[in-house]
Amino acid sequence: MQRETDFVVVGSGIAGLRAALEIAAGGACVVVLTKERAAESNTEYAQGGVAVALSEDDETSLHEDDTRGAGAGLCDERAVRVLVEDGRRYMRELIEWGAEFDREGGRLLFTQEAAHSRRRILHAGGDATGHEIVRALLARARADERIRFLAHAATEELIVEDGRCRGVRYLDPLVRASRSLRARAVVLASGGAGQLYLHTTNPQVATGDGMAMAYAAGAELADMEFVQFHPTALNVEGAPRFLLSEAMRGEGGVLRNAEGKRFMPRYHERAELAPRDIVSRAIVAELERTATRTAFIDMTALDARFLRRRFPKIYDTCLRHGLDITREPVPVSPAAHYIMGGVRTDLDGRTTLHGLYAAGEVACTGVHGANRLASNSLLEGLVFGARAGRAAAAAAHAADAPGSPPDDTNGDGAGQATMSDANAGEIALAVRKRVRRLMWERVGILRSRQSLTRALGELEQIERARSLRAPSRNFVTVALLVARAALWREESRGAHFRYDFPAPDDARWRVHSINSRTSGVSASEVIEFSAGSNLREMAKARR
Ligand code: SIN
């Protein structure tokens, strides 16, 4: 283990890798901590692609309008401008760094996805976009001797001293003991929280720990009620809810109900390409109406060779479950996919806690508002990962108190366990199972005061159990943050739908929800942050 660590990055998806590269480019050393192997992240599984206004008939202003349209009045306009404009530059750079996006005759291929007014989604390997991005960024990061990876090292908490984040405590996989790793600043890029739900497209690592740790350390979280449910996850008994990319509908796939009838035109003028929340709720309504458990995506009108080439991963995965997408409609239903809320940041990843930066799905930059436009998240990770890395490095170089060398000798959490690992493992599994069902049934696609109050009661009861260890406690904390914000927002907007308040209410609710340890849930105006904004001053003023 090296003796000097300038910066810690938690997470190795697109935002974490891009932040680490930016910090290293400034000459500092970075340790990237990952819960599993370095290549495992939500990014790795991203299929559809990266939305970026690079095609000849596109403009950043159109991308901006589409993003704001999907965000249902809650997008931070400055953040959106940064996303679409910086996004072009960072994507060109990524291509220069070796990421290979699909082309025809040397020209980049752009696909269509829901709520985009242009074909602007770049993809790689057909439907393996995330994998290609991780490959290219990891190769570059591994070639940089200032970046070190610490894999299978779950971060347990943030070290906060004198109101400043000074590093992390993590579980050392070799000795199974807690260790401290001190640094000048920490960039959280630990991803989302799809695992909170019984049905999710997210991998096992997406448990929201970064959000819980930031909250426990005193940082503010914003817009946690906005959870996006992807309309089309594979719905086969016993199989994981594998994502069937929105690009399938972009290429001409249609949705059918159990009676074999196409239904989306009845719900929205853009039919299958309506915003995701509308498609997800339409599917739920159709399932209720037909008293069945699954809808279907039908690709059979498309050329079979095209489908195999365009969606190789989806084709193979469905085939493994006995389904040939070129010949038959495939069963689908919605699943938790992305959380728009997260650790509140300004345009440079600064959170309300000094020394702590956040980027990617763990963060809430305000870019997505109440509903994320398809394929904007990889772009967000890239752009705001770079910005957070640069801001962290600049601020920490200016700070007069550098981090101390990492403590790599004391297994200072060792021996604190009060129960056997086997018992703890069983409890953790049981907690997770209960929370995931509760979240799916009561804090899911359709919510009400009654369902949310019952969920909160149960979650608070689970939270009080003394036997909860760090990972389970974090899991329950994030579930509570989502449920509290969802109960607080008495309207329907974007991905948040309440039976008891089915319409948006701009006069009262065109505000962000802010979750903080000191003040619970409160409102914050939809305002424009500027670089070096007064986010921390605003947080102080509310206390
Ligand atoms: C998809 O391929 O449908 C997912 C893309 C996204 O979530 O942005």
# chains A, B, ... in the order shown; residues from 1 in each chain; ligands from 1

call {"tool": "residues_near_ligand", "arguments": {"ligand": "ligand 1", "cutoff": "10 Å", "atoms": "only C-alpha atoms and all ligand atoms", "output": "tab-separated table (two decimals) with N, CA, C and O atoms, in the first residue's frame"}}
result
chain	number	residue	atom	x	y	z
A	45	TYR	N	-23.24	-2.34	-17.38
A	45	TYR	CA	-24.43	-2.98	-17.94
A	45	TYR	C	-25.26	-2.06	-18.84
A	45	TYR	O	-26.28	-2.48	-19.36
A	46	ALA	N	-24.83	-0.81	-18.97
A	46	ALA	CA	-25.63	0.13	-19.77
A	46	ALA	C	-25.68	-0.35	-21.22
A	46	ALA	O	-24.65	-0.67	-21.82
A	47	GLN	N	-26.88	-0.38	-21.75
A	47	GLN	CA	-27.04	-0.90	-23.11
A	47	GLN	C	-27.21	0.23	-24.13
A	47	GLN	O	-26.40	0.44	-25.01
A	48	GLY	N	-28.32	0.96	-23.95
A	48	GLY	CA	-28.79	1.91	-24.95
A	48	GLY	C	-27.72	2.80	-25.51
A	48	GLY	O	-27.45	2.79	-26.71
A	49	GLY	N	-27.05	3.55	-24.63
A	49	GLY	CA	-25.98	4.36	-25.14
A	49	GLY	C	-25.80	5.69	-24.45
A	49	GLY	O	-26.18	5.86	-23.30
A	50	VAL	N	-25.20	6.58	-25.20
A	50	VAL	CA	-24.87	7.92	-24.69
A	50	VAL	C	-25.56	8.94	-25.59
A	50	VAL	O	-25.33	8.98	-26.80
A	51	ALA	N	-26.41	9.78	-24.97
A	51	ALA	CA	-27.08	10.83	-25.74
A	51	ALA	C	-26.12	12.00	-25.87
A	51	ALA	O	-25.60	12.51	-24.88
A	113	GLU	N	-34.19	7.12	-29.03
A	113	GLU	CA	-34.80	6.61	-27.80
A	113	GLU	C	-35.93	7.55	-27.39
A	113	GLU	O	-36.06	8.66	-27.93
A	114	ALA	N	-36.70	7.09	-26.40
A	114	ALA	CA	-37.92	7.82	-26.02
A	114	ALA	C	-37.62	9.26	-25.64
A	114	ALA	O	-36.62	9.56	-24.99
A	121	ILE	N	-28.35	8.92	-30.03
A	121	ILE	CA	-27.76	8.02	-29.04
A	121	ILE	C	-26.62	7.22	-29.69
A	121	ILE	O	-26.85	6.41	-30.60
A	123	HIS	N	-23.93	4.26	-29.59
A	123	HIS	CA	-23.90	2.95	-28.95
A	123	HIS	C	-22.65	2.20	-29.38
A	123	HIS	O	-21.99	2.58	-30.37
A	127	ASP	N	-25.49	-3.39	-28.31
A	127	ASP	CA	-26.14	-3.05	-27.04
A	127	ASP	C	-25.18	-3.25	-25.86
A	127	ASP	O	-25.61	-3.55	-24.75
A	128	ALA	N	-23.88	-3.06	-26.08
A	128	ALA	CA	-22.90	-3.25	-25.00
A	128	ALA	C	-22.11	-1.96	-24.78
A	128	ALA	O	-20.89	-1.96	-24.57
A	129	THR	N	-22.82	-0.84	-24.78
A	129	THR	CA	-22.18	0.48	-24.72
A	129	THR	C	-21.38	0.68	-23.44
A	129	THR	O	-20.23	1.13	-23.46
A	130	GLY	N	-22.01	0.35	-22.30
A	130	GLY	CA	-21.34	0.56	-21.02
A	130	GLY	C	-20.05	-0.24	-20.92
A	130	GLY	O	-19.03	0.25	-20.44
A	201	THR	N	-33.29	-3.53	-12.77
A	201	THR	CA	-32.35	-3.85	-13.84
A	201	THR	C	-30.91	-3.73	-13.34
A	201	THR	O	-29.98	-4.07	-14.07
A	228	GLN	N	-36.71	6.18	-11.24
A	228	GLN	CA	-37.21	5.86	-12.57
A	228	GLN	C	-37.36	4.34	-12.74
A	228	GLN	O	-36.44	3.59	-12.42
A	229	PHE	N	-38.52	3.96	-13.22
A	229	PHE	CA	-38.78	2.54	-13.49
A	229	PHE	C	-38.71	2.33	-15.00
A	229	PHE	O	-39.43	2.98	-15.76
A	230	HIS	N	-37.80	1.47	-15.43
A	230	HIS	CA	-37.68	1.20	-16.86
A	230	HIS	C	-38.84	0.32	-17.28
A	230	HIS	O	-39.14	-0.67	-16.62
A	231	PRO	N	-39.51	0.66	-18.38
A	231	PRO	CA	-40.72	-0.09	-18.73
A	231	PRO	C	-40.46	-1.54	-19.13
A	231	PRO	O	-41.31	-2.40	-18.91
A	232	THR	N	-39.29	-1.80	-19.72
A	232	THR	CA	-39.14	-3.12	-20.34
A	232	THR	C	-37.95	-3.90	-19.79
A	232	THR	O	-36.86	-3.90	-20.35
A	233	ALA	N	-38.20	-4.58	-18.67
A	233	ALA	CA	-37.23	-5.56	-18.17
A	233	ALA	C	-37.80	-6.93	-18.49
A	233	ALA	O	-39.02	-7.14	-18.44
A	243	LEU	N	-32.35	-5.96	-18.59
A	243	LEU	CA	-32.86	-4.80	-19.32
A	243	LEU	C	-33.06	-5.12	-20.80
A	243	LEU	O	-32.17	-5.65	-21.46
A	244	LEU	N	-34.23	-4.78	-21.31
A	244	LEU	CA	-34.44	-4.84	-22.77
A	244	LEU	C	-34.50	-3.39	-23.24
A	244	LEU	O	-35.51	-2.70	-23.08
A	245	SER	N	-33.40	-2.96	-23.79
A	245	SER	CA	-33.14	-1.54	-24.03
A	245	SER	C	-34.27	-0.79	-24.73
A	245	SER	O	-34.94	-1.32	-25.63
A	246	GLU	N	-34.39	0.46	-24.30
A	246	GLU	CA	-35.34	1.36	-24.94
A	246	GLU	C	-35.05	1.50	-26.43
A	246	GLU	O	-35.95	1.79	-27.24
A	247	ALA	N	-33.79	1.29	-26.79
A	247	ALA	CA	-33.41	1.37	-28.20
A	247	ALA	C	-34.19	0.36	-29.04
A	247	ALA	O	-34.38	0.54	-30.24
A	248	MET	N	-34.69	-0.71	-28.40
A	248	MET	CA	-35.50	-1.68	-29.16
A	248	MET	C	-36.77	-1.00	-29.66
A	248	MET	O	-37.21	-1.22	-30.79
A	249	ARG	N	-37.37	-0.17	-28.78
A	249	ARG	CA	-38.55	0.57	-29.23
A	249	ARG	C	-38.13	1.68	-30.19
A	249	ARG	O	-38.84	2.00	-31.13
A	250	GLY	N	-36.93	2.24	-29.95
A	250	GLY	CA	-36.43	3.28	-30.85
A	250	GLY	C	-36.25	2.75	-32.26
A	250	GLY	O	-36.41	3.49	-33.24
A	276	ARG	N	-40.47	7.59	-20.22
A	276	ARG	CA	-40.48	6.30	-19.53
A	276	ARG	C	-41.55	6.14	-18.47
A	276	ARG	O	-42.13	5.07	-18.32
A	337	HIS	N	-34.81	1.30	-12.12
A	337	HIS	CA	-33.70	1.41	-13.07
A	337	HIS	C	-32.71	2.49	-12.68
A	337	HIS	O	-31.49	2.31	-12.82
A	338	TYR	N	-33.20	3.62	-12.19
A	338	TYR	CA	-32.30	4.77	-11.99
A	338	TYR	C	-32.92	5.70	-10.95
A	338	TYR	O	-34.14	5.90	-10.93
A	372	ARG	N	-35.34	11.34	-15.76
A	372	ARG	CA	-34.15	11.41	-16.61
A	372	ARG	C	-34.50	11.06	-18.06
A	372	ARG	O	-35.18	10.06	-18.33
A	373	LEU	N	-33.98	11.85	-18.97
A	373	LEU	CA	-34.11	11.53	-20.39
A	373	LEU	C	-33.20	10.32	-20.68
A	373	LEU	O	-32.05	10.27	-20.22
A	374	ALA	N	-33.73	9.38	-21.45
A	374	ALA	CA	-32.98	8.16	-21.74
A	374	ALA	C	-31.57	8.47	-22.25
A	374	ALA	O	-31.37	9.40	-23.03
A	375	SER	N	-30.61	7.70	-21.76
A	375	SER	CA	-29.20	7.78	-22.19
A	375	SER	C	-28.49	9.08	-21.83
A	375	SER	O	-27.41	9.36	-22.35
A	376	ASN	N	-29.07	9.85	-20.91
A	376	ASN	CA	-28.36	11.02	-20.42
A	376	ASN	C	-27.43	10.69	-19.25
A	376	ASN	O	-26.61	11.53	-18.87
A	377	SER	N	-27.56	9.50	-18.67
A	377	SER	CA	-26.79	9.26	-17.44
A	377	SER	C	-25.31	8.98	-17.70
A	377	SER	O	-24.45	9.41	-16.92
A	378	LEU	N	-24.99	8.28	-18.79
A	378	LEU	CA	-23.57	8.05	-19.06
A	378	LEU	C	-22.90	9.39	-19.36
A	378	LEU	O	-21.78	9.66	-18.92
A	379	LEU	N	-23.62	10.24	-20.09
A	379	LEU	CA	-23.05	11.55	-20.41
A	379	LEU	C	-22.85	12.35	-19.11
A	379	LEU	O	-21.82	13.00	-18.93

call {"tool": "select_by_dssp", "arguments": {"residues": "stretch 208-380 of chain A", "states": "alpha helix (DSSP H)", "output": "ChimeraX atom specification"}}
result
/A:209-217,246-250,276-290,304-310,312-320,377-380

call {"tool": "residues_around", "arguments": {"residues": "A:Gly16", "least_positions_apart": "5", "cutoff": "8 Å", "atoms": "only C-alpha atoms", "output": "ChimeraX atom specification"}}
result
/A:9-11,32,187-190,359-360,381,385

call {"tool": "select_by_dssp", "arguments": {"residues": "stretch 96-211 of chain A", "states": "strand (DSSP E or B)", "output": "ChimeraX atom specification"}}
result
/A:103-104,107-108,110-111,121-122,147-150,155-161,164-172,177-182,185-188,200

call {"tool": "closest_atom_pairs", "arguments": {"of": "stretch 277-395 of chain A", "to": "stretch 75-92 of chain A", "cutoff": "6 Å", "atoms": "only C-alpha atoms", "output": "CSV"}}
result
residue,atom,partner,partner_atom,distance
A:Gly366,CA,A:Asp76,CA,4.7
A:Val367,CA,A:Val80,CA,5.1
A:His368,CA,A:Cys75,CA,5.7
A:Gly369,CA,A:Cys75,CA,3.9
A:Val383,CA,A:Gly87,CA,5.9

call {"tool": "atom_distance", "arguments": {"atom1": "atom CA of A:Arg169", "atom2": "atom CA of A:Arg469"}}
result
14.4 Å

call {"tool": "closest_residue", "arguments": {"among": "A:Glu237, A:Glu463, A:Glu157, A:Asp172", "to": "A:Ala216", "atoms": "only C-alpha atoms"}}
result
A:Glu157

call {"tool": "atom_distance", "arguments": {"atom1": "atom CA of A:Gly69", "atom2": "atom CA of A:Glu286"}}
result
25.2 Å

call {"tool": "residues_around", "arguments": {"residues": "A:Glu56", "least_positions_apart": "3", "cutoff": "10 Å", "atoms": "only C-alpha atoms", "output": "ChimeraX atom specification"}}
result
/A:53,59,120

call {"tool": "write_last_selection", "arguments": {"atoms": "N, CA, C and O atoms", "output": "compact mmCIF listing (two decimals), in the first residue's frame"}}
result
# COMPACT_ATOMS: atom_id res chain seq x y z
N ALA A 53 -25.35 15.52 -28.67
CA ALA A 53 -25.75 16.22 -29.90
C ALA A 53 -24.56 16.34 -30.84
O ALA A 53 -23.96 17.41 -30.98
N GLU A 59 -28.66 19.70 -32.51
CA GLU A 59 -28.07 20.90 -31.88
C GLU A 59 -28.15 20.73 -30.38
O GLU A 59 -29.08 20.10 -29.88
N ARG A 120 -29.96 10.61 -31.51
CA ARG A 120 -28.70 11.16 -30.98
C ARG A 120 -27.99 10.22 -30.00
O ARG A 120 -27.12 10.62 -29.24

call {"tool": "decode", "arguments": {"residues": "stretch 90-106 of chain A", "atoms": "all heavy atoms", "output": "short mmCIF file (atom, residue, chain, number, x, y, z; two decimals), in the first residue's frame"}}
result
data_model
loop_
_atom_site.label_atom_id
_atom_site.label_comp_id
_atom_site.auth_asym_id
_atom_site.auth_seq_id
_atom_site.Cartn_x
_atom_site.Cartn_y
_atom_site.Cartn_z
N TYR A 90 -16.37 16.11 -24.13
CA TYR A 90 -15.90 14.93 -23.40
C TYR A 90 -16.14 13.64 -24.18
O TYR A 90 -15.39 12.68 -24.05
CB TYR A 90 -16.55 14.87 -22.02
CG TYR A 90 -15.96 15.88 -21.06
CD1 TYR A 90 -16.72 16.92 -20.54
CD2 TYR A 90 -14.61 15.80 -20.68
CE1 TYR A 90 -16.17 17.85 -19.68
CE2 TYR A 90 -14.06 16.74 -19.82
CZ TYR A 90 -14.84 17.76 -19.32
OH TYR A 90 -14.29 18.68 -18.47
N MET A 91 -17.19 13.63 -25.00
CA MET A 91 -17.40 12.43 -25.82
C MET A 91 -16.35 12.32 -26.93
O MET A 91 -15.85 11.24 -27.22
CB MET A 91 -18.81 12.43 -26.42
CG MET A 91 -19.87 11.96 -25.46
SD MET A 91 -19.56 10.29 -24.85
CE MET A 91 -19.93 9.33 -26.32
N ARG A 92 -16.01 13.46 -27.51
CA ARG A 92 -14.95 13.41 -28.55
C ARG A 92 -13.65 12.92 -27.92
O ARG A 92 -12.92 12.12 -28.50
CB ARG A 92 -14.75 14.81 -29.15
CG ARG A 92 -15.88 15.21 -30.07
CD ARG A 92 -15.45 16.39 -30.93
NE ARG A 92 -16.56 16.84 -31.75
CZ ARG A 92 -17.22 17.97 -31.56
NH1 ARG A 92 -16.91 18.79 -30.59
NH2 ARG A 92 -18.21 18.29 -32.37
N GLU A 93 -13.37 13.40 -26.72
CA GLU A 93 -12.16 12.99 -26.01
C GLU A 93 -12.19 11.48 -25.73
O GLU A 93 -11.19 10.77 -25.92
CB GLU A 93 -12.09 13.78 -24.71
CG GLU A 93 -10.92 13.43 -23.80
CD GLU A 93 -11.12 14.07 -22.44
OE1 GLU A 93 -12.04 13.64 -21.69
OE2 GLU A 93 -10.36 14.98 -22.09
N LEU A 94 -13.36 10.99 -25.30
CA LEU A 94 -13.48 9.55 -24.99
C LEU A 94 -13.21 8.72 -26.25
O LEU A 94 -12.57 7.66 -26.17
CB LEU A 94 -14.90 9.28 -24.45
CG LEU A 94 -15.19 7.87 -23.96
CD1 LEU A 94 -14.31 7.49 -22.78
CD2 LEU A 94 -16.67 7.74 -23.56
N ILE A 95 -13.68 9.22 -27.38
CA ILE A 95 -13.44 8.50 -28.64
C ILE A 95 -11.93 8.53 -28.96
O ILE A 95 -11.34 7.52 -29.34
CB ILE A 95 -14.30 9.10 -29.78
CG1 ILE A 95 -15.78 8.81 -29.50
CG2 ILE A 95 -13.87 8.57 -31.14
CD1 ILE A 95 -16.78 9.56 -30.37
N GLU A 96 -11.31 9.70 -28.72
CA GLU A 96 -9.85 9.78 -28.94
C GLU A 96 -9.10 8.83 -28.01
O GLU A 96 -8.05 8.29 -28.34
CB GLU A 96 -9.35 11.20 -28.62
CG GLU A 96 -9.40 12.13 -29.80
CD GLU A 96 -9.24 13.57 -29.33
OE1 GLU A 96 -8.50 13.81 -28.34
OE2 GLU A 96 -9.86 14.45 -29.95
N TRP A 97 -9.64 8.60 -26.83
CA TRP A 97 -9.00 7.69 -25.88
C TRP A 97 -9.22 6.22 -26.24
O TRP A 97 -8.79 5.34 -25.52
CB TRP A 97 -9.53 7.94 -24.47
CG TRP A 97 -9.05 9.23 -23.85
CD1 TRP A 97 -8.16 10.11 -24.37
CD2 TRP A 97 -9.45 9.77 -22.58
NE1 TRP A 97 -7.97 11.16 -23.51
CE2 TRP A 97 -8.75 10.98 -22.40
CE3 TRP A 97 -10.33 9.35 -21.58
CZ2 TRP A 97 -8.90 11.77 -21.26
CZ3 TRP A 97 -10.48 10.13 -20.45
CH2 TRP A 97 -9.77 11.33 -20.28
N GLY A 98 -9.97 5.97 -27.27
CA GLY A 98 -10.06 4.58 -27.75
C GLY A 98 -11.42 3.92 -27.59
O GLY A 98 -11.55 2.74 -27.93
N ALA A 99 -12.42 4.62 -27.09
CA ALA A 99 -13.74 3.99 -26.99
C ALA A 99 -14.31 3.87 -28.40
O ALA A 99 -14.38 4.86 -29.13
CB ALA A 99 -14.67 4.82 -26.11
N GLU A 100 -14.71 2.67 -28.76
CA GLU A 100 -15.18 2.44 -30.13
C GLU A 100 -16.69 2.36 -30.20
O GLU A 100 -17.28 1.37 -29.79
CB GLU A 100 -14.55 1.15 -30.67
CG GLU A 100 -13.07 1.33 -30.92
CD GLU A 100 -12.44 0.13 -31.58
OE1 GLU A 100 -13.18 -0.69 -32.16
OE2 GLU A 100 -11.21 0.02 -31.48
N PHE A 101 -17.29 3.43 -30.71
CA PHE A 101 -18.74 3.44 -30.88
C PHE A 101 -19.07 2.92 -32.27
O PHE A 101 -18.25 2.99 -33.19
CB PHE A 101 -19.28 4.86 -30.65
CG PHE A 101 -19.15 5.28 -29.20
CD1 PHE A 101 -18.05 5.98 -28.75
CD2 PHE A 101 -20.12 4.89 -28.29
CE1 PHE A 101 -17.91 6.33 -27.41
CE2 PHE A 101 -20.00 5.23 -26.94
CZ PHE A 101 -18.89 5.95 -26.50
N ASP A 102 -20.29 2.39 -32.41
CA ASP A 102 -20.67 1.75 -33.67
C ASP A 102 -20.71 2.77 -34.81
O ASP A 102 -21.15 3.91 -34.64
CB ASP A 102 -22.05 1.09 -33.54
CG ASP A 102 -22.01 -0.07 -32.55
OD1 ASP A 102 -20.90 -0.62 -32.34
OD2 ASP A 102 -23.05 -0.42 -31.98
N ARG A 103 -20.22 2.33 -35.96
CA ARG A 103 -20.14 3.19 -37.15
C ARG A 103 -20.62 2.42 -38.37
O ARG A 103 -20.60 1.19 -38.37
CB ARG A 103 -18.69 3.63 -37.41
CG ARG A 103 -18.14 4.56 -36.35
CD ARG A 103 -16.64 4.80 -36.60
NE ARG A 103 -16.07 5.57 -35.50
CZ ARG A 103 -15.90 6.89 -35.50
NH1 ARG A 103 -16.24 7.59 -36.57
NH2 ARG A 103 -15.39 7.53 -34.46
N GLU A 104 -20.95 3.19 -39.40
CA GLU A 104 -21.23 2.59 -40.70
C GLU A 104 -20.49 3.44 -41.72
O GLU A 104 -20.67 4.68 -41.72
CB GLU A 104 -22.73 2.62 -40.98
CG GLU A 104 -23.16 1.59 -42.02
CD GLU A 104 -24.67 1.46 -42.00
OE1 GLU A 104 -25.34 2.43 -42.40
OE2 GLU A 104 -25.16 0.41 -41.59
N GLY A 105 -19.65 2.81 -42.51
CA GLY A 105 -18.83 3.56 -43.47
C GLY A 105 -18.02 4.64 -42.79
O GLY A 105 -17.86 5.74 -43.33
N GLY A 106 -17.54 4.37 -41.60
CA GLY A 106 -16.69 5.33 -40.89
C GLY A 106 -17.47 6.39 -40.11
O GLY A 106 -16.92 7.08 -39.27
#
